[in-house]
$ cat structure-v3.txt   # compact mmCIF, C-alpha atoms
# COMPACT_ATOMS: atom_id res chain seq x y z
CA MET A 1 9.11 -53.29 61.27
CA ILE A 2 9.70 -50.65 63.97
CA ILE A 3 7.62 -47.45 63.68
CA PRO A 4 8.66 -44.83 66.26
CA GLN A 5 6.30 -42.11 67.44
CA PHE A 6 7.39 -38.46 67.60
CA PRO A 7 5.47 -35.53 69.17
CA PRO A 8 2.81 -34.25 66.72
CA GLY A 9 2.53 -30.76 65.30
CA GLU A 10 6.12 -30.13 64.18
CA GLU A 11 6.61 -28.37 60.84
CA SER A 12 9.76 -30.37 60.12
CA TYR A 13 11.18 -33.42 61.83
CA ASP A 14 14.78 -33.11 60.65
CA ALA A 15 16.20 -32.86 64.16
CA TRP A 16 14.03 -35.72 65.42
CA VAL A 17 15.05 -38.01 62.59
CA ASP A 18 18.75 -37.15 62.92
CA ASP A 19 18.65 -37.74 66.67
CA TYR A 20 16.84 -41.06 66.20
CA ILE A 21 19.41 -42.31 63.68
CA SER A 22 22.28 -41.19 65.91
CA LYS A 23 20.90 -43.10 68.90
CA LEU A 24 20.03 -46.11 66.72
CA ALA A 25 23.64 -46.36 65.52
CA LEU A 26 24.82 -46.70 69.14
CA THR A 27 22.20 -49.26 70.13
CA PRO A 28 23.55 -52.83 69.94
CA PHE A 29 21.54 -55.61 68.32
CA ASP A 30 19.47 -57.96 70.44
CA GLN A 31 21.49 -61.19 70.17
CA SER A 32 18.34 -63.29 70.57
CA ARG A 33 16.83 -61.88 67.36
CA PRO A 34 17.95 -61.71 63.70
CA LEU A 35 20.73 -59.18 63.09
CA TRP A 36 18.67 -56.80 61.00
CA GLU A 37 16.02 -54.15 61.69
CA PHE A 38 13.66 -52.01 59.59
CA HIS A 39 12.64 -48.63 60.97
CA LEU A 40 9.94 -46.53 59.29
CA LEU A 41 10.07 -42.87 60.28
CA ASN A 42 6.81 -41.63 58.78
CA TYR A 43 7.52 -37.95 59.34
CA LYS A 44 8.27 -35.21 56.83
CA THR A 45 11.76 -33.72 56.69
CA SER A 46 13.41 -31.23 54.38
CA LYS A 47 14.74 -34.16 52.33
CA ALA A 48 11.72 -36.46 51.99
CA GLY A 49 8.17 -37.20 53.06
CA ALA A 50 9.31 -40.18 55.14
CA THR A 51 12.52 -42.01 55.99
CA MET A 52 13.24 -45.73 55.96
CA VAL A 53 16.23 -46.89 58.03
CA ILE A 54 17.57 -50.40 57.43
CA LYS A 55 20.04 -51.51 60.11
CA LEU A 56 22.18 -54.54 59.28
CA HIS A 57 25.05 -56.21 61.11
CA HIS A 58 28.30 -56.36 59.15
CA ALA A 59 28.64 -60.03 60.09
CA LEU A 60 25.85 -60.76 57.58
CA GLY A 61 27.67 -59.33 54.59
CA ASP A 62 29.38 -56.32 53.04
CA GLY A 63 28.07 -53.34 51.11
CA ILE A 64 27.74 -55.24 47.83
CA SER A 65 25.62 -57.93 49.52
CA PHE A 66 23.39 -55.41 51.27
CA MET A 67 22.89 -53.21 48.22
CA SER A 68 22.02 -56.26 46.10
CA THR A 69 19.35 -57.12 48.66
CA LEU A 70 18.04 -53.55 48.71
CA PHE A 71 17.72 -53.35 44.95
CA ALA A 72 15.92 -56.71 44.92
CA LEU A 73 13.16 -54.97 46.92
CA VAL A 74 12.68 -52.03 44.56
CA THR A 75 11.21 -51.55 41.10
CA ARG A 76 11.74 -49.07 38.33
CA VAL A 77 9.35 -46.15 38.18
CA ASP A 78 9.18 -46.17 34.38
CA ASN A 79 8.55 -49.94 34.16
CA PRO A 80 7.90 -51.85 37.41
CA HIS A 81 8.25 -55.19 35.60
CA LEU A 82 11.93 -54.57 34.82
CA PRO A 83 14.76 -54.61 37.39
CA PRO A 84 17.01 -51.57 37.89
CA THR A 85 20.11 -51.46 35.73
CA PHE A 86 23.59 -50.28 36.63
CA PRO A 87 26.33 -48.74 34.50
CA SER A 88 29.01 -51.14 33.33
CA SER A 89 32.70 -50.37 33.39
CA ARG A 90 34.25 -49.49 30.07
CA SER A 91 37.52 -51.06 29.13
CA THR A 92 40.01 -48.90 27.30
CA SER A 93 41.72 -50.34 24.28
CA SER A 94 45.52 -50.31 24.40
CA SER A 95 47.47 -48.84 21.52
CA LYS A 96 49.72 -51.00 19.37
CA GLN A 97 53.36 -51.21 20.46
CA PHE A 98 56.57 -52.65 19.08
CA LEU A 99 57.52 -56.01 20.59
CA ALA A 100 60.62 -54.64 22.38
CA THR A 101 58.62 -51.73 23.84
CA TYR A 102 55.85 -54.10 24.92
CA ILE A 103 58.29 -56.43 26.69
CA PHE A 104 60.03 -53.52 28.45
CA HIS A 105 56.70 -52.10 29.65
CA LYS A 106 55.61 -55.52 30.93
CA ILE A 107 58.86 -56.05 32.86
CA TRP A 108 58.67 -52.55 34.33
CA TYR A 109 55.02 -53.09 35.26
CA ILE A 110 55.82 -56.36 37.05
CA MET A 111 58.66 -54.71 38.98
CA LEU A 112 56.35 -51.89 40.11
CA LEU A 113 53.60 -54.39 40.93
CA VAL A 114 55.89 -56.37 43.23
CA TRP A 115 57.31 -53.23 44.90
CA TYR A 116 53.95 -51.52 45.49
CA THR A 117 52.43 -54.77 46.77
CA LEU A 118 55.24 -55.18 49.31
CA VAL A 119 54.84 -51.56 50.45
CA ASP A 120 51.07 -51.91 50.90
CA VAL A 121 51.22 -55.24 52.75
CA ILE A 122 54.06 -54.13 55.07
CA SER A 123 52.23 -50.87 55.79
CA SER A 124 49.12 -52.81 56.77
CA LEU A 125 51.07 -55.15 59.07
CA LEU A 126 52.89 -52.24 60.73
CA ARG A 127 49.59 -50.50 61.42
CA THR A 128 48.23 -53.70 62.92
CA THR A 129 51.08 -53.73 65.43
CA GLY A 130 50.79 -49.98 66.07
CA TRP A 131 54.24 -49.11 64.71
CA ILE A 132 52.70 -46.67 62.23
CA GLU A 133 49.91 -44.34 63.26
CA ASP A 134 48.35 -41.22 61.81
CA SER A 135 48.90 -37.79 63.34
CA LYS A 136 46.61 -36.64 66.13
CA LEU A 137 44.61 -34.05 64.21
CA PRO A 138 41.14 -32.60 64.92
CA ILE A 139 39.55 -34.98 62.41
CA ARG A 140 40.64 -37.99 64.48
CA GLY A 141 38.60 -38.82 67.52
CA PRO A 142 39.94 -39.76 70.96
CA PRO A 143 40.15 -43.39 72.14
CA GLY A 144 36.64 -44.81 72.44
CA VAL A 145 35.22 -42.55 69.74
CA GLU A 146 33.25 -45.51 68.36
CA TYR A 147 31.02 -45.34 71.46
CA MET A 148 30.24 -41.64 71.06
CA PRO A 149 27.12 -40.24 69.33
CA ILE A 150 27.45 -39.89 65.58
CA ASP A 151 26.43 -37.14 63.19
CA HIS A 152 25.28 -38.35 59.78
CA SER A 153 25.92 -35.62 57.19
CA SER A 154 25.62 -35.73 53.43
CA ALA A 155 26.45 -33.62 50.39
CA THR A 156 25.07 -33.95 46.86
CA PHE A 157 26.97 -33.19 43.66
CA GLN A 158 25.51 -33.01 40.18
CA LEU A 159 26.89 -35.80 38.03
CA GLU A 160 27.28 -33.44 35.08
CA ASP A 161 29.58 -31.24 37.14
CA ILE A 162 31.61 -34.30 38.16
CA ARG A 163 31.90 -35.32 34.51
CA LYS A 164 33.17 -31.86 33.52
CA ILE A 165 35.92 -32.09 36.15
CA LYS A 166 36.66 -35.66 35.07
CA ASN A 167 37.12 -34.58 31.46
CA ALA A 168 39.28 -31.63 32.51
CA VAL A 169 41.79 -33.80 34.40
CA GLY A 170 41.51 -36.94 32.27
CA GLY A 171 40.48 -39.14 35.17
CA THR A 172 37.45 -41.08 36.38
CA VAL A 173 34.47 -40.31 38.58
CA ASN A 174 36.26 -42.02 41.48
CA ASP A 175 39.29 -39.76 40.91
CA VAL A 176 37.08 -36.68 41.12
CA MET A 177 35.23 -37.81 44.24
CA THR A 178 38.48 -38.74 45.97
CA GLY A 179 39.98 -35.37 45.01
CA ILE A 180 36.94 -33.56 46.42
CA ILE A 181 37.32 -35.47 49.70
CA PHE A 182 41.03 -34.64 49.85
CA TYR A 183 40.39 -30.96 49.17
CA GLY A 184 37.54 -30.78 51.70
CA LEU A 185 39.79 -32.36 54.32
CA GLN A 186 42.46 -29.77 53.54
CA LEU A 187 39.96 -26.93 54.05
CA TYR A 188 38.69 -28.46 57.29
CA LEU A 189 42.16 -28.90 58.76
CA LYS A 190 43.12 -25.38 57.75
CA PHE A 191 40.09 -23.97 59.55
CA ARG A 192 40.43 -26.12 62.68
CA LEU A 193 44.18 -25.63 63.08
CA SER A 194 43.76 -21.90 62.50
CA THR A 195 41.08 -21.93 65.18
CA VAL A 196 43.63 -23.24 67.66
CA ALA A 197 46.06 -20.52 66.61
CA GLU A 198 43.43 -17.79 66.76
CA GLN A 199 41.88 -19.08 70.01
CA SER A 200 38.43 -18.42 68.58
CA LEU A 201 36.13 -19.96 65.96
CA GLN A 202 34.88 -16.48 65.10
CA ASP A 203 38.39 -15.13 64.52
CA ALA A 204 39.34 -18.15 62.43
CA SER A 205 36.17 -17.79 60.34
CA LYS A 206 36.94 -14.15 59.59
CA LYS A 207 40.48 -15.04 58.46
CA ARG A 208 39.70 -18.28 56.61
CA PHE A 209 40.55 -16.76 53.22
CA GLU A 210 43.82 -15.24 54.42
CA LEU A 211 47.23 -16.89 54.12
CA LEU A 212 48.07 -19.37 56.84
CA ASN A 213 50.70 -18.52 59.39
CA ASP A 214 53.96 -20.47 59.34
CA SER A 215 53.13 -22.65 62.35
CA VAL A 216 49.91 -23.95 60.80
CA ILE A 217 51.64 -24.56 57.45
CA LYS A 218 54.40 -26.52 59.16
CA GLN A 219 51.94 -28.58 61.21
CA MET A 220 49.91 -29.47 58.13
CA LYS A 221 52.95 -30.42 56.06
CA ASN A 222 54.32 -32.64 58.82
CA SER A 223 51.01 -34.43 59.37
CA ARG A 224 50.35 -38.04 58.41
CA VAL A 225 46.77 -38.61 57.23
CA THR A 226 45.73 -41.98 55.82
CA ALA A 227 42.46 -43.18 54.35
CA LEU A 228 41.50 -46.83 54.62
CA CYS A 229 39.90 -47.62 51.26
CA LEU A 230 37.60 -50.67 51.24
CA LEU A 231 37.40 -52.56 47.94
CA ASN A 232 35.33 -55.42 46.57
CA THR A 233 37.42 -58.55 45.86
CA ARG A 234 34.81 -60.59 44.00
CA ALA A 235 35.61 -61.82 40.49
CA LEU A 236 32.59 -59.88 39.21
CA ALA A 237 32.50 -56.20 40.08
CA GLY A 238 29.45 -54.08 40.82
CA ILE A 239 25.94 -54.92 42.00
CA GLN A 240 24.84 -58.45 41.14
CA ASN A 241 21.51 -60.27 41.19
CA MET A 242 20.87 -61.53 44.73
CA GLY A 243 19.74 -64.94 43.47
CA GLU A 244 23.00 -65.39 41.59
CA MET A 245 25.01 -64.38 44.65
CA LEU A 246 23.43 -67.15 46.73
CA LYS A 247 24.29 -69.90 44.24
CA PRO A 248 27.24 -72.20 45.07
CA LYS A 249 30.55 -71.57 43.31
CA THR A 250 29.38 -68.23 41.95
CA GLN A 251 31.89 -65.55 40.97
CA ALA A 252 30.10 -62.99 43.11
CA PRO A 253 29.20 -64.77 46.38
CA TRP A 254 27.13 -63.34 49.19
CA GLY A 255 28.86 -62.35 52.41
CA ASN A 256 31.97 -60.36 53.28
CA HIS A 257 34.37 -60.36 50.37
CA PHE A 258 36.46 -57.21 50.62
CA GLY A 259 40.01 -56.06 51.13
CA PHE A 260 41.52 -52.71 51.98
CA LEU A 261 44.40 -50.44 51.15
CA HIS A 262 46.05 -47.60 53.07
CA VAL A 263 46.03 -44.48 50.90
CA ARG A 264 48.16 -41.54 52.03
CA VAL A 265 46.12 -38.32 51.87
CA PRO A 266 48.17 -35.42 50.49
CA ILE A 267 48.24 -32.46 52.86
CA MET A 268 49.58 -29.16 51.56
CA GLY A 269 50.55 -26.21 53.66
CA LYS A 270 49.05 -23.78 51.19
CA LEU A 271 45.76 -24.26 49.35
CA GLU A 272 46.51 -24.73 45.68
CA ASN A 273 44.13 -24.99 42.73
CA PRO A 274 41.38 -27.50 43.70
CA LEU A 275 41.95 -29.33 40.42
CA GLU A 276 45.44 -30.20 41.65
CA PHE A 277 43.86 -32.34 44.38
CA VAL A 278 41.90 -34.23 41.74
CA ARG A 279 45.07 -34.78 39.71
CA MET A 280 46.86 -35.97 42.84
CA ALA A 281 43.97 -38.28 43.62
CA LYS A 282 44.23 -39.76 40.13
CA HIS A 283 47.97 -40.26 40.55
CA ILE A 284 47.49 -41.96 43.93
CA ILE A 285 44.69 -44.22 42.69
CA ASP A 286 46.68 -45.19 39.60
CA ARG A 287 49.60 -46.12 41.85
CA HIS A 288 47.40 -48.35 44.05
CA LYS A 289 45.90 -50.04 40.99
CA MET A 290 49.40 -51.43 40.43
CA SER A 291 49.29 -53.40 43.67
CA LEU A 292 47.94 -56.74 44.84
CA GLY A 293 47.80 -55.50 48.41
CA VAL A 294 44.00 -55.50 48.58
CA PHE A 295 43.84 -59.18 47.60
CA ILE A 296 46.64 -60.16 49.98
CA ASN A 297 44.91 -58.34 52.84
CA ALA A 298 41.71 -60.19 51.95
CA GLY A 299 43.69 -63.44 52.02
CA ILE A 300 45.09 -62.57 55.45
CA LEU A 301 41.53 -62.08 56.73
CA ARG A 302 40.50 -65.49 55.37
CA CYS A 303 43.52 -67.17 56.96
CA LEU A 304 42.79 -65.51 60.30
CA ALA A 305 39.18 -66.73 60.07
CA ARG A 306 40.28 -70.33 59.54
CA LEU A 307 43.18 -70.42 62.00
CA ARG A 308 42.27 -67.99 64.81
CA GLY A 309 38.55 -67.34 64.49
CA PRO A 310 36.41 -64.17 64.28
CA GLN A 311 38.05 -62.47 67.27
CA ALA A 312 41.41 -62.41 65.48
CA ILE A 313 39.75 -60.83 62.44
CA SER A 314 38.10 -58.21 64.63
CA ARG A 315 41.41 -57.38 66.30
CA TYR A 316 43.23 -57.14 62.95
CA LEU A 317 40.58 -54.88 61.42
CA TYR A 318 40.22 -52.74 64.54
CA ASN A 319 43.95 -51.99 64.70
CA ASN A 320 44.06 -51.05 61.03
CA ILE A 321 41.03 -48.80 61.39
CA ALA A 322 42.08 -47.22 64.69
CA ASN A 323 45.54 -46.28 63.37
CA THR A 324 44.17 -44.45 60.32
CA THR A 325 42.18 -41.24 60.06
CA MET A 326 39.20 -42.18 57.91
CA ALA A 327 37.61 -44.92 55.84
CA ILE A 328 36.38 -44.38 52.29
CA SER A 329 34.05 -46.71 50.43
CA ASN A 330 31.94 -46.29 47.35
CA MET A 331 28.72 -47.73 45.94
CA ILE A 332 27.09 -47.17 42.58
CA GLY A 333 23.38 -46.50 42.15
CA PRO A 334 20.79 -47.48 39.53
CA MET A 335 20.42 -45.66 36.25
CA GLU A 336 16.64 -45.34 36.59
CA LYS A 337 14.38 -43.76 39.17
CA ILE A 338 13.26 -46.42 41.62
CA ALA A 339 10.39 -47.05 44.05
CA MET A 340 9.70 -49.38 46.96
CA ASP A 341 6.17 -50.78 47.14
CA GLY A 342 5.01 -47.96 44.87
CA ASN A 343 6.67 -45.22 46.95
CA PRO A 344 9.27 -43.24 44.97
CA ILE A 345 12.72 -43.17 46.58
CA LYS A 346 14.12 -39.66 46.57
CA SER A 347 17.63 -40.56 47.73
CA PHE A 348 19.56 -43.16 49.66
CA SER A 349 22.75 -43.15 51.70
CA PHE A 350 24.66 -45.64 53.79
CA PHE A 351 27.17 -45.48 56.61
CA VAL A 352 29.03 -47.72 59.04
CA SER A 353 28.71 -47.14 62.76
CA GLY A 354 30.89 -48.44 65.57
CA ALA A 355 34.21 -47.79 63.78
CA PRO A 356 36.96 -45.90 65.67
CA GLN A 357 37.37 -43.23 62.98
CA VAL A 358 35.59 -40.98 60.48
CA SER A 359 33.66 -42.90 57.84
CA ILE A 360 33.08 -41.46 54.36
CA GLN A 361 30.84 -43.26 51.87
CA THR A 362 30.06 -42.06 48.37
CA ALA A 363 27.08 -43.21 46.32
CA GLN A 364 27.24 -42.63 42.59
CA VAL A 365 23.85 -42.29 40.92
CA PRO A 366 24.05 -41.61 37.16
CA LEU A 367 20.73 -39.75 36.96
CA ALA A 368 19.50 -36.87 39.09
CA ILE A 369 17.59 -38.20 42.11
CA PHE A 370 14.04 -36.93 42.25
$ encode --input "structure-v3.txt" --output "structure tokens"
Amino acid sequence: MIIPQFPPGEESYDAWVDDYISKLALTPFDQSRPLWEFHLLNYKTSKAGATMVIKLHHALGDGISFMSTLFALVTRVDNPHLPPTFPSSRSTSSSKQFLATYIFHKIWYIMLLVWYTLVDVISSLLRTTGWIEDSKLPIRGPPGVEYMPIDHSSATFQLEDIRKIKNAVGGTVNDVMTGIIFYGLQLYLKFRLSTVAEQSLQDASKKRFELLNDSVIKQMKNSRVTALCLLNTRALAGIQNMGEMLKPKTQAPWGNHFGFLHVRVPIMGKLENPLEFVRMAKHIIDRHKMSLGVFINAGILRCLARLRGPQAISRYLYNNIANTTMAISNMIGPMEKIAMDGNPIKSFSFFVSGAPQVSIQTAQVPLAIF
């Protein structure tokens, strides 16, 4: 356990904590010690009375492995003797169809599955070789951005509001969150590109609600923006018991078991109804559900590990990450309020450092965090 010391007498230590986390993300692990660290920042911020930072090397496992370990260390506030529970996915029942209609739909589905899988796998291979690369926009960092200081920012949305949007568009929570990210990216690019046109942040801020000029609209429409979406490839989805994950031949093994897909982010020249971004997100996600690309990419990583070793995997992943604009991953939280060693946890977040791009992680917690 590492307990840093800050100067006493500060009313709030937000800046100190943020600066500490930023520097910690750039500090490499000591190779002579285990690849994990616990940092207790026992100083009050605007978000909590204290902050616990758990730093883990990705070589140990992926997000599912780490979150399973984290939730093995916590207890429920309402009943410490019971483990936290997580929402289960609900399967939708299919409507009855005539035999001919059923056969036609199956054939059409298989054709789309094969086509979309080929597109996703070829896109990944082309990005690995550098033949396809995203546009150089303000959201992308320069070469070597992974060695620059990071800024860890977060935003909180009420789950009830997300559910209202979900019901309005007929999608899922993931559709809504992805749509919000797409729309926020659109607003950010509009502001930053307008700043270049206006030569001043102040001028661009004053005109942010005005119509874009033709040059900015054309630049946005011609831009290529891709999100690298990281997905769990285990047979069992969601957070699993850590003891079960460590058993041999389990369906949800410990370690790194993930694949990825390249998702094209829609960029419009003009800002439409925000709900349209959510509907587009649903359409895009539905299209990628009809693809085996994530499992084939995971298979490529396993083959590289066996044939070429970890350096080949690192090179393959780095090229895919460096030639895209951002990475998006998602974790689900417990349904109950939780505590660690009797200390209530107000909120938790996670992020990946050392990647040559913007990293966006979403944590879904069904109940309001206290």
$ closest_residue --input "structure-v3.txt" --among "A:Pro149, A:Gly130, A:Pro274, A:Pro8" --to "Gln186 of chain A" --atoms "all atoms listed in the file"
A:Pro274
$ atom_distance --input "structure-v3.txt" --atom1 "atom CA of Gly243 of chain A" --atom2 "atom CA of Glu37 of chain A"
21.5 Å
$ closest_residue --input "structure-v3.txt" --among "A:Asp30, A:Lys218, A:Asp62, A:Ala322" --to "Thr233 of chain A" --atoms "only C-alpha atoms"
A:Asp62
$ residues_around --input "structure-v3.txt" --residues "Leu26 of chain A" --least-positions-apart "3" --cutoff "8 Å" --atoms "only C-alpha atoms" --output "list in words"
Ser22, Lys23, Tyr147, Met148, Pro149, Ser353 and Gly354 of chain A
$ closest_residue --input "structure-v3.txt" --among "A:Glu276, A:Pro28, A:Thr324, A:Val216" --to "Trp131 of chain A" --atoms "all atoms listed in the file"
A:Thr324
$ atom_distance --input "structure-v3.txt" --atom1 "atom CA of Glu133 of chain A" --atom2 "atom CA of Ser223 of chain A"
10.7 Å
$ residues_around --input "structure-v3.txt" --residues "Ala235 of chain A" --least-positions-apart "2" --cutoff "7 Å" --atoms "only C-alpha atoms" --output "list of chain:residue names"
A:Thr233, A:Ala237, A:Gln251, A:Ala252
$ atom_distance --input "structure-v3.txt" --atom1 "atom CA of Gly9 of chain A" --atom2 "atom CA of Tyr43 of chain A"
10.6 Å
$ closest_residue --input "structure-v3.txt" --among "A:Ser154, A:Thr129, A:Gln240, A:Ser291" --to "Ser65 of chain A" --atoms "all atoms listed in the file"
A:Gln240
